[in-house]
Every structure is written in structure tokens, then in C-alpha cells.
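Working notes, beginning with the structure itself.
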Amino acid sequence: MYRHSAKLLVIAATLLAPDQLRAQSAQAVSLQVSGLYNVVFGDVFDNLENGLGGEAQIRYTPGALSFGAGFQYTAHDRPPRNPGDPASLDARLYGAFIEPRYRIHTGSNVAAPYLSARFSLLKVGFSNPDFALSSSFIQLNGGGGLLYRLGPRLNLDMGATFGYNRLGSGTLRSKSNNTEVNIDSSSGANLMVRVGFALGIGG
């Protein structure tokens, strides 16, 4: 009786194995779109307020370690600090990023926590198109998040990273007046919160 039961268990496990493997696997390539909330700290852009925006990325996942690359954008209000300051110089931070992730194995086919790092090389634009800034903006962040499976190809992604910001020295130029003002480099920190969806593509 015991041997018969053991054989039945082996046969059942063999038959169920392909389904279990399919349940645990994910497409190697995915597209992700997320909303962003960017909290800024420090001396970078004095009086700059927290910003909202979004990102799009493509991700390659050969195993526990995955690699993503994409484009991010956040808009930040900057109220006048001194009398006579222009009220329309709100900042837009936009540019490319790369983001490696390491998925932490928990034995779940539904939820997958991960650790992540992100390097972003951004440009600075303003709500008033008359102004242009020549310097670049760097963000170097680390953090993590959680992927939650909503379907065979669709995941909910919730994450947050904290890190270092640096605005390089450059010039702020007014096109209409043809004038330039030197801008010193400055540094600070940011907290980026992300909520979005990842869609697996391919086989």
C-alpha cells in the first residue's frame, strides 16, 4: 500500500511539474510604465518643491538579476524666493537611466521583493522656454520594491529608492535677452517613489 501511494505521488509530481514551472517563470523581456513622486532634499535648486512625473523602461530578466533602461521625467514647482524672482521658472528633470535589480527568492509565485540601484543622467528644463541651463543633473539611488503578479504577463510594481543628487556647474541663459548667469555646482538627496505596471512580451 505504501509503495503504491509513493508511485502515485511521483506520477502526480511529474505531471504537475510543467505547470509549476510555467507558474514560476516570467517573460525574459518586459515593458514597464510607472508614475513617480520625487522628494528632493539639500542644496540642489534652492526652494525646489517635490515633483510628480513618470517613467518608461524596457527590462531584460534572464534570472534573479535583471537589467532595465529607460526614460524618466518629473516636474517641480519653484516659488519665487526673493522679490523680483520670476514665478515661472519651474524645473523639469528628464533623461535616461539604467536600473539593475536583484530578485529575492521567497518561494512565492505571486509576490517577489527585490533590491535595486539606479543611475540617472538628466537634463534640466524650465516651464518658461526662454531660459536654458547648460549643466547636467545626476541621480545615484539605491532601494527596492515588490512585484505582485496580476496575470500571466502583467505585474504590479511598487518601489522606492533613496540617493544622491548633483547638479553640475554651468550657465543659465536667457534667449530673449541674450544674457548668461554662472551657476555653481550643488548637491543634495532625493527619495523616489514608484508605482506602475510591467507587461511581459515575447515567449
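Every chain in the C-alpha cells has a letter given in the order shown (A, B, ...), and although residue numbers restart at 1 in each chain, ligands are simply numbered from 1 in the order shown.
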**OP:** Within 8 Å of range 97-108 of chain A, counting only C-alpha atoms, which residues show up once you throw out same-chain ones fewer than 4 positions away? Write them as a ChimeraX atom specification, please.
**Re:** /A:64-72,112-121
Selected residues, N, CA and C atoms, written as a PDB file, in the first residue's frame, please.
```pdb
ATOM      1  N   ALA A  64      17.562  35.809 -11.574  1.00  0.00           N
ATOM      2  CA  ALA A  64      17.286  36.646 -10.409  1.00  0.00           C
ATOM      3  C   ALA A  64      17.783  38.073 -10.615  1.00  0.00           C
ATOM      4  N   LEU A  65      18.863  38.228 -11.379  1.00  0.00           N
ATOM      5  CA  LEU A  65      19.401  39.557 -11.675  1.00  0.00           C
ATOM      6  C   LEU A  65      18.835  40.048 -13.005  1.00  0.00           C
ATOM      7  N   SER A  66      18.253  41.239 -13.013  1.00  0.00           N
ATOM      8  CA  SER A  66      17.674  41.801 -14.237  1.00  0.00           C
ATOM      9  C   SER A  66      18.242  43.195 -14.473  1.00  0.00           C
ATOM     10  N   PHE A  67      18.083  43.665 -15.719  1.00  0.00           N
ATOM     11  CA  PHE A  67      18.655  44.941 -16.112  1.00  0.00           C
ATOM     12  C   PHE A  67      17.598  45.751 -16.863  1.00  0.00           C
ATOM     13  N   GLY A  68      17.429  47.011 -16.449  1.00  0.00           N
ATOM     14  CA  GLY A  68      16.454  47.880 -17.091  1.00  0.00           C
ATOM     15  C   GLY A  68      17.104  49.163 -17.574  1.00  0.00           C
ATOM     16  N   ALA A  69      16.517  49.746 -18.608  1.00  0.00           N
ATOM     17  CA  ALA A  69      16.963  51.034 -19.125  1.00  0.00           C
ATOM     18  C   ALA A  69      15.735  51.783 -19.610  1.00  0.00           C
ATOM     19  N   GLY A  70      15.712  53.099 -19.382  1.00  0.00           N
ATOM     20  CA  GLY A  70      14.526  53.832 -19.783  1.00  0.00           C
ATOM     21  C   GLY A  70      14.692  55.334 -19.680  1.00  0.00           C
ATOM     22  N   PHE A  71      13.550  55.998 -19.618  1.00  0.00           N
ATOM     23  CA  PHE A  71      13.483  57.457 -19.614  1.00  0.00           C
ATOM     24  C   PHE A  71      12.568  57.893 -18.477  1.00  0.00           C
ATOM     25  N   GLN A  72      12.976  58.921 -17.721  1.00  0.00           N
ATOM     26  CA  GLN A  72      12.172  59.427 -16.611  1.00  0.00           C
ATOM     27  C   GLN A  72      11.965  60.928 -16.744  1.00  0.00           C
ATOM     28  N   ALA A 112       7.175  39.038  -5.335  1.00  0.00           N
ATOM     29  CA  ALA A 112       8.628  38.921  -5.425  1.00  0.00           C
ATOM     30  C   ALA A 112       9.279  40.230  -4.996  1.00  0.00           C
ATOM     31  N   PRO A 113       9.851  40.299  -3.800  1.00  0.00           N
ATOM     32  CA  PRO A 113      10.601  41.500  -3.402  1.00  0.00           C
ATOM     33  C   PRO A 113      11.932  41.575  -4.142  1.00  0.00           C
ATOM     34  N   TYR A 114      12.470  42.786  -4.283  1.00  0.00           N
ATOM     35  CA  TYR A 114      13.741  42.941  -4.980  1.00  0.00           C
ATOM     36  C   TYR A 114      14.522  44.114  -4.410  1.00  0.00           C
ATOM     37  N   LEU A 115      15.830  44.075  -4.633  1.00  0.00           N
ATOM     38  CA  LEU A 115      16.728  45.186  -4.352  1.00  0.00           C
ATOM     39  C   LEU A 115      17.096  45.839  -5.679  1.00  0.00           C
ATOM     40  N   SER A 116      17.304  47.149  -5.672  1.00  0.00           N
ATOM     41  CA  SER A 116      17.590  47.832  -6.928  1.00  0.00           C
ATOM     42  C   SER A 116      18.575  48.971  -6.724  1.00  0.00           C
ATOM     43  N   ALA A 117      19.238  49.337  -7.809  1.00  0.00           N
ATOM     44  CA  ALA A 117      20.078  50.531  -7.875  1.00  0.00           C
ATOM     45  C   ALA A 117      19.681  51.278  -9.139  1.00  0.00           C
ATOM     46  N   ARG A 118      19.935  52.581  -9.158  1.00  0.00           N
ATOM     47  CA  ARG A 118      19.582  53.367 -10.338  1.00  0.00           C
ATOM     48  C   ARG A 118      20.577  54.506 -10.531  1.00  0.00           C
ATOM     49  N   PHE A 119      21.032  54.647 -11.785  1.00  0.00           N
ATOM     50  CA  PHE A 119      21.868  55.784 -12.165  1.00  0.00           C
ATOM     51  C   PHE A 119      21.139  56.545 -13.255  1.00  0.00           C
ATOM     52  N   SER A 120      20.876  57.826 -13.003  1.00  0.00           N
ATOM     53  CA  SER A 120      20.143  58.673 -13.951  1.00  0.00           C
ATOM     54  C   SER A 120      21.013  59.850 -14.356  1.00  0.00           C
ATOM     55  N   LEU A 121      21.078  60.111 -15.654  1.00  0.00           N
ATOM     56  CA  LEU A 121      21.752  61.289 -16.186  1.00  0.00           C
ATOM     57  C   LEU A 121      20.684  62.157 -16.829  1.00  0.00           C
TER      58      LEU A 121
END
```
**OP:** Work out how far apart CA of Phe162 in chain A and CA of Val44 in chain A are and give it in Å to one decimal.
**Re:**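 Going from CA of Phe162 in chain A over to CA of Val44 in chain A, I get 15.1 Å.
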**OP:** Using DSSP on the backbone, list every residue of chain A that comes out as strand (DSSP E or B), and give them as a PyMOL selection string.
**Re:** chain A and resi 29-42+51-60+65-76+91-103+111-126+131-133+136-149+154-167+170-174+179-183+186-201
**OP:** Compare A:Leu93, A:Ile138, A:Val39, A:Ala28 by their minimum atom-to-atom distance to Thr61 in chain A, counting only C-alpha atoms, and give me the closest one.
**Re:** A:Ala28
Subject >> Who sits within 6 Å of range 152-157 of chain A, only C-alpha atoms, same chain under 2 positions skipped, as a PyMOL selection string >> reply: chain A and resi 146-150+195-200
What are the nearest atom pairs, with distances in Å to one decimal, for all residues of range 142-177 of chain A that come at most 12 Å from range 129-135 of chain A, using only C-alpha atoms, set out by chain and rising residue number as JSON lines?
```
{"residue": "A:Arg166", "atom": "CA", "partner": "A:Ser135", "partner_atom": "CA", "distance": 10.3}
{"residue": "A:Leu167", "atom": "CA", "partner": "A:Ser135", "partner_atom": "CA", "distance": 7.0}
{"residue": "A:Gly168", "atom": "CA", "partner": "A:Ser135", "partner_atom": "CA", "distance": 5.3}
{"residue": "A:Ser169", "atom": "CA", "partner": "A:Ser135", "partner_atom": "CA", "distance": 5.9}
{"residue": "A:Gly170", "atom": "CA", "partner": "A:Ser135", "partner_atom": "CA", "distance": 4.7}
{"residue": "A:Thr171", "atom": "CA", "partner": "A:Ser134", "partner_atom": "CA", "distance": 5.6}
{"residue": "A:Leu172", "atom": "CA", "partner": "A:Leu133", "partner_atom": "CA", "distance": 4.6}
{"residue": "A:Arg173", "atom": "CA", "partner": "A:Ala132", "partner_atom": "CA", "distance": 5.3}
{"residue": "A:Ser174", "atom": "CA", "partner": "A:Phe131", "partner_atom": "CA", "distance": 4.8}
{"residue": "A:Lys175", "atom": "CA", "partner": "A:Asp130", "partner_atom": "CA", "distance": 5.3}
{"residue": "A:Ser176", "atom": "CA", "partner": "A:Asp130", "partner_atom": "CA", "distance": 6.4}
{"residue": "A:Asn177", "atom": "CA", "partner": "A:Asp130", "partner_atom": "CA", "distance": 8.9}
```
